[in-house]
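> I'd like to ask you about the structure that follows.
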Amino acid sequence: MSTSSPPSRRFSLPLRARLATTVGGAAGRASRLAGRGDGSVIGGVIGLRLKPDLLALLARGRQVILVTGTNGKTTTTRLITAALGALGQQIASNAFGANMEAGLVAALAKAPDATLAVLEVDEKYVPAMLETTGARVVVLLNLSRDQMDRAAEIWMLARRWRAALAAAPQCRVIANADDPLVAWAAGQARQVTWVAAGQRWHDDSWCCPQCGSHLQRDGEDWNCGECPNRRPPVSWVLADDEVIDPTGKSWPLDLILPGRANRSNAVVALAVADVFGVGVSQAMGAVKQVRSVAGRYTQIERRGCALRLLLAKNPAGWLEALDILAPPPAPVLLAVNAQVPDGRDTSWLWDVDYRRLRGRPVFVTGERKVDLAVRLEADEVAFRIVATVDEAVDAARSPTMEVIANYTAFQYIRAVLGRTD
């Protein structure tokens, strides 16, 4: 009996697709060597130019899990990948958050022999990516305002999700029942596992997505007073520091990653692992070992100060980041840009309650530091504008500092601090 390994999936691709993955992979490596990023986009861009249907070809024959939502995509993708590690299989994943078509192509091309793929997907591209990859599982985390100038109004996104999932009967959906927009979007899917993952940010979900009437809330439970739309019955529940599985058994969620948002992400990851036959005890052992995600929550020493990096891209994300700050008088550096990946519009700053920063040293930087300064001034938060991270560190003279930044500001700070992982 032959013991030779089966041929690589790469060699089953059409010739032009093989050429596209080879050239794209070389471009990605060159980008990394040149210090221009992690190469998780450029390789996919070039591959798609050479072979426009490359993603469908690369996804063929794999079990694909798509993870989407306004917040928590990258972390949940990382936690699912860790949980599924118990299967002992190679897993393809876009671990650094390159979540549009080029990023998915690059992730699959890097792992040609992986039969499993856990892929974060931008909210706007869910219908197209679901159709192209034929995903087995789609994870819906939450929906709130984010990059309105690019991603469109969230009710429109929910309608598109709903139509796409209704047209994919083979797909199992893992959905957050506590978010009314997510629950409505998943409502016509054939196979749904409902998770009570929580929803701290309610400002975008006061109206019923079915009829437009006002939603009534009692804790996490919600219902519409004018139509039958209500929170669906759940199988998995986040209860403080524990997760309750579908059998009713409670498991402690002893995570290294901080905050309630990450406990929510972990519960979703456990629900996905269950679909693939990975039990809670096995999955939990891997999930609770995750320390940082694409730089988030990383602690870096700089000039004798321990900086902890937190990403916050929108009001809901800032709410979660402010929740896990070290208590006063620990200083905090806030950084906001408004480049294309961030969204050009910074009016969302006025939806964040910055009064919670009173009583500690606050430093402000980034390309839109003046916008942020005006917002802090309105909330009567004392602050100091700085040009660099080092200026903030020198001025604070503290052994620790929290850093909260939106997307491109976060990436810039990571580069300045010499971190590329």
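Residue names in the structure tokens use chain letters A, B, ... in the order shown, residue numbers from 1 in each chain, and ligand numbers from 1 in the order shown.
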If we count only C-alpha atoms and set the cut-off at 8 Å, which residues sit around range 216-231 of chain A, ignoring sequence neighbours fewer than 4 positions away in its own chain? Please answer as a list in words.
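The filter keeps Ala177, Asp178, Pro180, Ala183, Gly198, Gln199, Trp206, Cys208, Gln210 and Cys211 of chain A.
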> At a cut-off of 8 Å, using only C-alpha atoms, what residues contact range 379-390 of chain A? Leave out same-chain residues fewer than 2 positions from it and give the result as an MDAnalysis selection string.
chainID A and resid 302:303 333 353:355 357:358 361:366 369 373 375:377 392:394 413
> Grab the CA of Glu131 in chain A to CA of Leu55 in chain A distance for me, in Å with one decimal place.
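So the two atoms, CA of Glu131 in chain A and CA of Leu55 in chain A, lie 10.8 Å apart.
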> I'd like the contact shell of range 260-274 of chain A - 8 Å cut-off, only C-alpha atoms, skipping same-chain residues fewer than 2 positions apart - returned as a ChimeraX atom specification.
/A:72,75-77,79-80,83-84,137,139,174,193,195,197-198,236-238,240-241,243,253,255,257-258,276-280,283-284,287,320
> For the alpha helix (DSSP H) assignment from backbone DSSP, which residues of range 157-239 of chain A qualify? Please present them as number ranges by chain.
A: 157-166, 180-185
> Save out the residues we just selected, all heavy atoms, as a tab-separated table (two decimals), in the first residue's frame.

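So part_16.tsv came out as:
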```
chain	number	residue	atom	x	y	z
A	157	LEU	N	-27.37	46.63	4.73
A	157	LEU	CA	-26.50	45.46	4.87
A	157	LEU	C	-27.29	44.26	5.38
A	157	LEU	O	-27.13	43.14	4.90
A	157	LEU	CB	-25.34	45.77	5.82
A	157	LEU	CG	-24.26	46.74	5.33
A	157	LEU	CD1	-23.25	46.99	6.42
A	157	LEU	CD2	-23.57	46.19	4.09
A	158	ALA	N	-28.13	44.49	6.39
A	158	ALA	CA	-28.93	43.40	6.96
A	158	ALA	C	-29.84	42.78	5.90
A	158	ALA	O	-30.00	41.56	5.83
A	158	ALA	CB	-29.74	43.90	8.14
A	159	ARG	N	-30.45	43.61	5.05
A	159	ARG	CA	-31.32	43.09	3.99
A	159	ARG	C	-30.53	42.23	3.00
A	159	ARG	O	-31.00	41.19	2.55
A	159	ARG	CB	-32.01	44.24	3.25
A	159	ARG	CG	-33.12	44.90	4.04
A	159	ARG	CD	-33.99	45.75	3.15
A	159	ARG	NE	-33.28	46.89	2.60
A	159	ARG	CZ	-33.18	48.08	3.19
A	159	ARG	NH1	-33.74	48.26	4.39
A	159	ARG	NH2	-32.53	49.06	2.62
A	160	ARG	N	-29.32	42.68	2.68
A	160	ARG	CA	-28.49	41.91	1.76
A	160	ARG	C	-28.06	40.58	2.38
A	160	ARG	O	-28.02	39.55	1.69
A	160	ARG	CB	-27.27	42.74	1.35
A	160	ARG	CG	-27.63	43.94	0.48
A	160	ARG	CD	-26.44	44.86	0.28
A	160	ARG	NE	-26.78	45.99	-0.57
A	160	ARG	CZ	-26.00	47.05	-0.73
A	160	ARG	NH1	-24.84	47.13	-0.10
A	160	ARG	NH2	-26.38	48.04	-1.51
A	161	TRP	N	-27.69	40.61	3.65
A	161	TRP	CA	-27.35	39.36	4.35
A	161	TRP	C	-28.54	38.39	4.31
A	161	TRP	O	-28.38	37.21	4.03
A	161	TRP	CB	-26.98	39.64	5.80
A	161	TRP	CG	-25.67	40.30	6.03
A	161	TRP	CD1	-24.82	40.81	5.10
A	161	TRP	CD2	-25.07	40.53	7.31
A	161	TRP	NE1	-23.72	41.36	5.72
A	161	TRP	CE2	-23.85	41.20	7.06
A	161	TRP	CE3	-25.45	40.26	8.62
A	161	TRP	CZ2	-23.00	41.58	8.11
A	161	TRP	CZ3	-24.61	40.64	9.66
A	161	TRP	CH2	-23.40	41.29	9.40
A	162	ARG	N	-29.72	38.92	4.63
A	162	ARG	CA	-30.92	38.09	4.72
A	162	ARG	C	-31.20	37.39	3.38
A	162	ARG	O	-31.46	36.18	3.34
A	162	ARG	CB	-32.10	38.97	5.13
A	162	ARG	CG	-33.43	38.23	5.36
A	162	ARG	CD	-34.46	39.23	5.85
A	162	ARG	NE	-35.80	38.68	5.91
A	162	ARG	CZ	-36.34	38.10	6.98
A	162	ARG	NH1	-35.61	37.96	8.08
A	162	ARG	NH2	-37.57	37.64	6.97
A	163	ALA	N	-31.10	38.14	2.29
A	163	ALA	CA	-31.35	37.56	0.97
A	163	ALA	C	-30.29	36.52	0.61
A	163	ALA	O	-30.61	35.46	0.07
A	163	ALA	CB	-31.39	38.67	-0.08
A	164	ALA	N	-29.04	36.82	0.92
A	164	ALA	CA	-27.95	35.89	0.59
A	164	ALA	C	-28.07	34.59	1.37
A	164	ALA	O	-27.87	33.49	0.83
A	164	ALA	CB	-26.61	36.55	0.86
A	165	LEU	N	-28.41	34.67	2.65
A	165	LEU	CA	-28.52	33.47	3.48
A	165	LEU	C	-29.75	32.64	3.10
A	165	LEU	O	-29.73	31.41	3.15
A	165	LEU	CB	-28.56	33.85	4.95
A	165	LEU	CG	-27.25	34.46	5.47
A	165	LEU	CD1	-27.45	35.07	6.86
A	165	LEU	CD2	-26.13	33.43	5.50
A	166	ALA	N	-30.83	33.31	2.72
A	166	ALA	CA	-32.02	32.60	2.28
A	166	ALA	C	-31.74	31.79	1.02
A	166	ALA	O	-32.36	30.75	0.78
A	166	ALA	CB	-33.16	33.58	2.04
A	180	PRO	N	-30.85	42.56	17.28
A	180	PRO	CA	-32.06	42.43	16.45
A	180	PRO	C	-31.80	42.45	14.95
A	180	PRO	O	-32.46	41.74	14.19
A	180	PRO	CB	-32.91	43.63	16.88
A	180	PRO	CG	-32.47	43.91	18.28
A	180	PRO	CD	-30.99	43.64	18.28
A	181	LEU	N	-30.84	43.26	14.51
A	181	LEU	CA	-30.54	43.30	13.08
A	181	LEU	C	-29.92	41.99	12.60
A	181	LEU	O	-30.24	41.49	11.53
A	181	LEU	CB	-29.59	44.47	12.77
A	181	LEU	CG	-30.24	45.81	12.44
A	181	LEU	CD1	-29.17	46.87	12.24
A	181	LEU	CD2	-31.11	45.71	11.20
A	182	VAL	N	-29.03	41.43	13.41
A	182	VAL	CA	-28.42	40.15	13.06
A	182	VAL	C	-29.47	39.05	13.05
A	182	VAL	O	-29.52	38.21	12.14
A	182	VAL	CB	-27.28	39.81	14.04
A	182	VAL	CG1	-26.89	38.33	13.96
A	182	VAL	CG2	-26.06	40.68	13.76
A	183	ALA	N	-30.33	39.04	14.08
A	183	ALA	CA	-31.37	38.01	14.16
A	183	ALA	C	-32.31	38.08	12.96
A	183	ALA	O	-32.70	37.04	12.40
A	183	ALA	CB	-32.16	38.17	15.46
A	184	TRP	N	-32.66	39.28	12.54
A	184	TRP	CA	-33.53	39.43	11.37
A	184	TRP	C	-32.81	38.98	10.10
A	184	TRP	O	-33.39	38.30	9.25
A	184	TRP	CB	-33.97	40.88	11.24
A	184	TRP	CG	-34.91	41.12	10.11
A	184	TRP	CD1	-36.25	40.80	10.06
A	184	TRP	CD2	-34.59	41.73	8.86
A	184	TRP	NE1	-36.77	41.18	8.85
A	184	TRP	CE2	-35.79	41.75	8.10
A	184	TRP	CE3	-33.43	42.27	8.32
A	184	TRP	CZ2	-35.83	42.29	6.80
A	184	TRP	CZ3	-33.47	42.79	7.04
A	184	TRP	CH2	-34.67	42.80	6.29
A	185	ALA	N	-31.52	39.33	9.98
A	185	ALA	CA	-30.76	38.95	8.80
A	185	ALA	C	-30.65	37.44	8.67
A	185	ALA	O	-30.67	36.90	7.56
A	185	ALA	CB	-29.36	39.57	8.85
```
> Which one of A:Leu130, A:Arg190, A:Gln282, A:Pro252 sits closest to Leu87 in chain A if you count only C-alpha atoms?
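Checking each candidate against Leu87 in chain A, we get A:Gln282 as the closest.
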> Any idea what the distance is between CA of Tyr125 in chain A and CA of Phe410 in chain A?
23.4 Å
> Tell me, as a ChimeraX atom specification, which residues lie within 12 Å of Gly134 in chain A, counting only C-alpha atoms; anything in the same chain fewer than 2 positions away does not count.
/A:55-66,117,126-132,136-138,164-165,167-172
> Which is closer to Ser12 in chain A than all the others in A:Asn99, A:Pro112, A:Ala86, A:Val105, using only C-alpha atoms?
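So, comparing all the options, the nearest one is A:Pro112.
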> Can you work out which one of A:Arg16, A:Arg145, A:His214, A:Lys288 has the shortest atom-to-atom distance to Thr70 in chain A, counting only C-alpha atoms?
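Closest to Thr70 in chain A of all the choices is A:Arg145.
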> Find the residue from A:Ala405, A:Ala335, A:Ala286, A:Ala396 that sits nearest to Lys313 in chain A; use only C-alpha atoms when measuring.
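Distance minimum relative to Lys313 in chain A lands on A:Ala405.
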> Out of range 163-398 of chain A, which residues get strand (DSSP E) from DSSP, as a short mmCIF file (atom, residue, chain, number, x, y, z; two decimals) with N, CA, C and O atoms, in the first residue's frame?

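Generated file (states.cif):
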```cif
data_model
loop_
_atom_site.label_atom_id
_atom_site.label_comp_id
_atom_site.auth_asym_id
_atom_site.auth_seq_id
_atom_site.Cartn_x
_atom_site.Cartn_y
_atom_site.Cartn_z
N ARG A 172 -24.81 26.63 7.29
CA ARG A 172 -25.24 26.77 8.68
C ARG A 172 -24.82 28.16 9.16
O ARG A 172 -23.68 28.58 8.95
N VAL A 173 -25.73 28.85 9.83
CA VAL A 173 -25.47 30.19 10.34
C VAL A 173 -25.34 30.13 11.85
O VAL A 173 -26.17 29.52 12.53
N ILE A 174 -24.28 30.74 12.37
CA ILE A 174 -24.11 30.94 13.81
C ILE A 174 -24.35 32.42 14.04
O ILE A 174 -23.57 33.26 13.58
N ALA A 175 -25.43 32.77 14.73
CA ALA A 175 -25.85 34.17 14.79
C ALA A 175 -26.09 34.63 16.22
O ALA A 175 -26.59 33.87 17.06
N ASN A 176 -25.78 35.88 16.46
CA ASN A 176 -25.99 36.51 17.77
C ASN A 176 -27.45 36.92 17.90
O ASN A 176 -27.89 37.91 17.31
N GLN A 191 -30.62 26.76 8.38
CA GLN A 191 -29.99 26.15 9.55
C GLN A 191 -29.32 27.25 10.38
O GLN A 191 -28.36 27.85 9.93
N VAL A 192 -29.86 27.51 11.57
CA VAL A 192 -29.31 28.57 12.41
C VAL A 192 -29.05 28.04 13.81
O VAL A 192 -29.91 27.39 14.42
N THR A 193 -27.86 28.33 14.33
CA THR A 193 -27.55 28.13 15.75
C THR A 193 -27.54 29.50 16.40
O THR A 193 -26.73 30.36 16.04
N TRP A 194 -28.45 29.71 17.34
CA TRP A 194 -28.58 31.03 17.97
C TRP A 194 -27.73 31.08 19.24
O TRP A 194 -27.78 30.19 20.07
N VAL A 195 -26.98 32.16 19.35
CA VAL A 195 -26.07 32.36 20.48
C VAL A 195 -26.46 33.64 21.21
O VAL A 195 -26.66 34.69 20.58
N ALA A 196 -26.60 33.55 22.53
CA ALA A 196 -26.83 34.76 23.34
C ALA A 196 -25.47 35.34 23.70
O ALA A 196 -24.92 35.08 24.76
N LEU A 215 -38.70 48.79 19.25
CA LEU A 215 -38.45 47.51 19.93
C LEU A 215 -38.55 47.69 21.43
O LEU A 215 -38.14 48.72 21.99
N GLN A 216 -39.08 46.70 22.10
CA GLN A 216 -39.15 46.69 23.56
C GLN A 216 -38.05 45.79 24.09
O GLN A 216 -37.79 44.71 23.54
N ARG A 217 -37.37 46.22 25.17
CA ARG A 217 -36.24 45.48 25.71
C ARG A 217 -36.45 45.17 27.18
O ARG A 217 -36.96 46.00 27.93
N ASP A 218 -36.00 43.98 27.56
CA ASP A 218 -35.97 43.58 28.96
C ASP A 218 -34.66 42.83 29.15
O ASP A 218 -34.58 41.63 28.91
N ASP A 221 -33.29 40.39 26.33
CA ASP A 221 -34.48 39.99 25.57
C ASP A 221 -35.07 41.20 24.85
O ASP A 221 -35.01 42.32 25.36
N TRP A 222 -35.62 40.97 23.68
CA TRP A 222 -36.24 42.05 22.92
C TRP A 222 -37.40 41.50 22.10
O TRP A 222 -37.44 40.31 21.76
N ASN A 223 -38.35 42.36 21.81
CA ASN A 223 -39.46 41.99 20.94
C ASN A 223 -40.10 43.24 20.36
O ASN A 223 -39.92 44.35 20.89
N CYS A 224 -40.81 43.06 19.29
CA CYS A 224 -41.53 44.16 18.67
C CYS A 224 -42.97 44.14 19.17
O CYS A 224 -43.60 43.08 19.22
N TRP A 236 -26.71 28.57 22.87
CA TRP A 236 -25.50 28.88 23.61
C TRP A 236 -25.69 30.22 24.31
O TRP A 236 -26.22 31.16 23.72
N VAL A 237 -25.25 30.31 25.56
CA VAL A 237 -25.50 31.52 26.35
C VAL A 237 -24.22 31.97 27.04
O VAL A 237 -23.53 31.16 27.69
N LEU A 238 -23.90 33.27 26.91
CA LEU A 238 -22.86 33.88 27.72
C LEU A 238 -23.51 34.43 28.98
O LEU A 238 -24.38 35.30 28.90
N ALA A 239 -23.10 33.91 30.14
CA ALA A 239 -23.65 34.34 31.42
C ALA A 239 -22.49 34.80 32.30
O ALA A 239 -21.81 33.97 32.92
N GLU A 242 -19.19 32.79 32.39
CA GLU A 242 -19.40 31.40 32.03
C GLU A 242 -20.14 31.29 30.70
O GLU A 242 -20.84 32.23 30.28
N VAL A 243 -19.99 30.14 30.06
CA VAL A 243 -20.77 29.83 28.88
C VAL A 243 -21.64 28.61 29.21
O VAL A 243 -21.18 27.66 29.83
N ILE A 244 -22.89 28.68 28.81
CA ILE A 244 -23.81 27.57 28.99
C ILE A 244 -24.03 26.93 27.62
O ILE A 244 -24.47 27.58 26.68
N SER A 250 -22.64 24.44 32.38
CA SER A 250 -21.89 25.69 32.47
C SER A 250 -20.39 25.40 32.45
O SER A 250 -19.92 24.45 33.08
N TRP A 251 -19.67 26.25 31.74
CA TRP A 251 -18.21 26.15 31.64
C TRP A 251 -17.61 27.51 31.96
O TRP A 251 -18.05 28.52 31.42
N PRO A 252 -16.59 27.59 32.82
CA PRO A 252 -15.95 28.87 33.10
C PRO A 252 -15.19 29.38 31.89
O PRO A 252 -14.52 28.61 31.19
N GLN A 299 1.23 44.07 24.57
CA GLN A 299 1.93 45.00 25.47
C GLN A 299 3.36 45.15 24.99
O GLN A 299 4.06 44.16 24.76
N ILE A 300 3.79 46.38 24.80
CA ILE A 300 5.12 46.68 24.25
C ILE A 300 5.84 47.66 25.16
O ILE A 300 5.26 48.67 25.58
N GLU A 301 7.10 47.37 25.46
CA GLU A 301 7.91 48.29 26.27
C GLU A 301 8.47 49.39 25.38
O GLU A 301 9.01 49.14 24.30
N ARG A 302 8.32 50.62 25.84
CA ARG A 302 8.84 51.78 25.10
C ARG A 302 9.34 52.82 26.09
O ARG A 302 8.57 53.37 26.88
N CYS A 305 8.22 52.37 29.55
CA CYS A 305 6.77 52.38 29.76
C CYS A 305 6.15 51.18 29.04
O CYS A 305 6.48 50.90 27.89
N ALA A 306 5.27 50.47 29.73
CA ALA A 306 4.57 49.34 29.13
C ALA A 306 3.30 49.84 28.45
O ALA A 306 2.34 50.24 29.13
N LEU A 307 3.28 49.83 27.12
CA LEU A 307 2.13 50.29 26.35
C LEU A 307 1.24 49.11 25.99
O LEU A 307 1.72 48.09 25.48
N ARG A 308 -0.06 49.22 26.25
CA ARG A 308 -1.00 48.19 25.82
C ARG A 308 -1.84 48.75 24.68
O ARG A 308 -2.45 49.82 24.80
N LEU A 309 -1.87 48.04 23.55
CA LEU A 309 -2.52 48.52 22.34
C LEU A 309 -3.93 47.99 22.22
O LEU A 309 -4.17 46.78 22.25
N LEU A 310 -4.89 48.90 22.06
CA LEU A 310 -6.30 48.55 21.92
C LEU A 310 -6.83 49.19 20.63
O LEU A 310 -6.56 50.36 20.35
N LEU A 311 -7.59 48.42 19.87
CA LEU A 311 -8.18 48.91 18.63
C LEU A 311 -9.63 49.26 18.86
O LEU A 311 -10.39 48.49 19.44
N VAL A 332 -3.72 57.54 29.17
CA VAL A 332 -4.20 56.92 27.94
C VAL A 332 -3.86 57.83 26.76
O VAL A 332 -3.96 59.06 26.85
N LEU A 333 -3.42 57.20 25.67
CA LEU A 333 -3.16 57.91 24.42
C LEU A 333 -4.24 57.52 23.43
O LEU A 333 -4.48 56.34 23.19
N LEU A 334 -4.91 58.52 22.84
CA LEU A 334 -5.96 58.30 21.86
C LEU A 334 -5.47 58.75 20.48
O LEU A 334 -4.90 59.84 20.36
N ALA A 335 -5.68 57.92 19.46
CA ALA A 335 -5.21 58.26 18.12
C ALA A 335 -6.30 57.97 17.11
O ALA A 335 -6.86 56.87 17.08
N VAL A 362 -4.66 62.36 29.62
CA VAL A 362 -5.12 61.95 28.30
C VAL A 362 -4.29 62.67 27.25
O VAL A 362 -4.13 63.90 27.29
N PHE A 363 -3.77 61.90 26.30
CA PHE A 363 -2.97 62.44 25.21
C PHE A 363 -3.68 62.13 23.89
O PHE A 363 -4.29 61.07 23.75
N VAL A 364 -3.59 63.05 22.95
CA VAL A 364 -4.31 62.93 21.68
C VAL A 364 -3.33 63.08 20.53
O VAL A 364 -2.52 64.00 20.50
N THR A 365 -3.42 62.16 19.57
CA THR A 365 -2.57 62.23 18.39
C THR A 365 -3.34 61.69 17.18
O THR A 365 -4.52 61.38 17.28
N ARG A 384 -3.90 66.62 26.27
CA ARG A 384 -2.72 67.28 25.67
C ARG A 384 -2.50 66.69 24.30
O ARG A 384 -2.47 65.46 24.14
N ILE A 385 -2.38 67.53 23.29
CA ILE A 385 -2.10 67.07 21.94
C ILE A 385 -0.61 66.79 21.80
O ILE A 385 0.23 67.60 22.21
#
```
> In Å, with one decimal, what is the gap from CA of Leu119 in chain A to CA of Gly88 in chain A?
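Rounded to one decimal, the two atoms are 18.2 Å apart.
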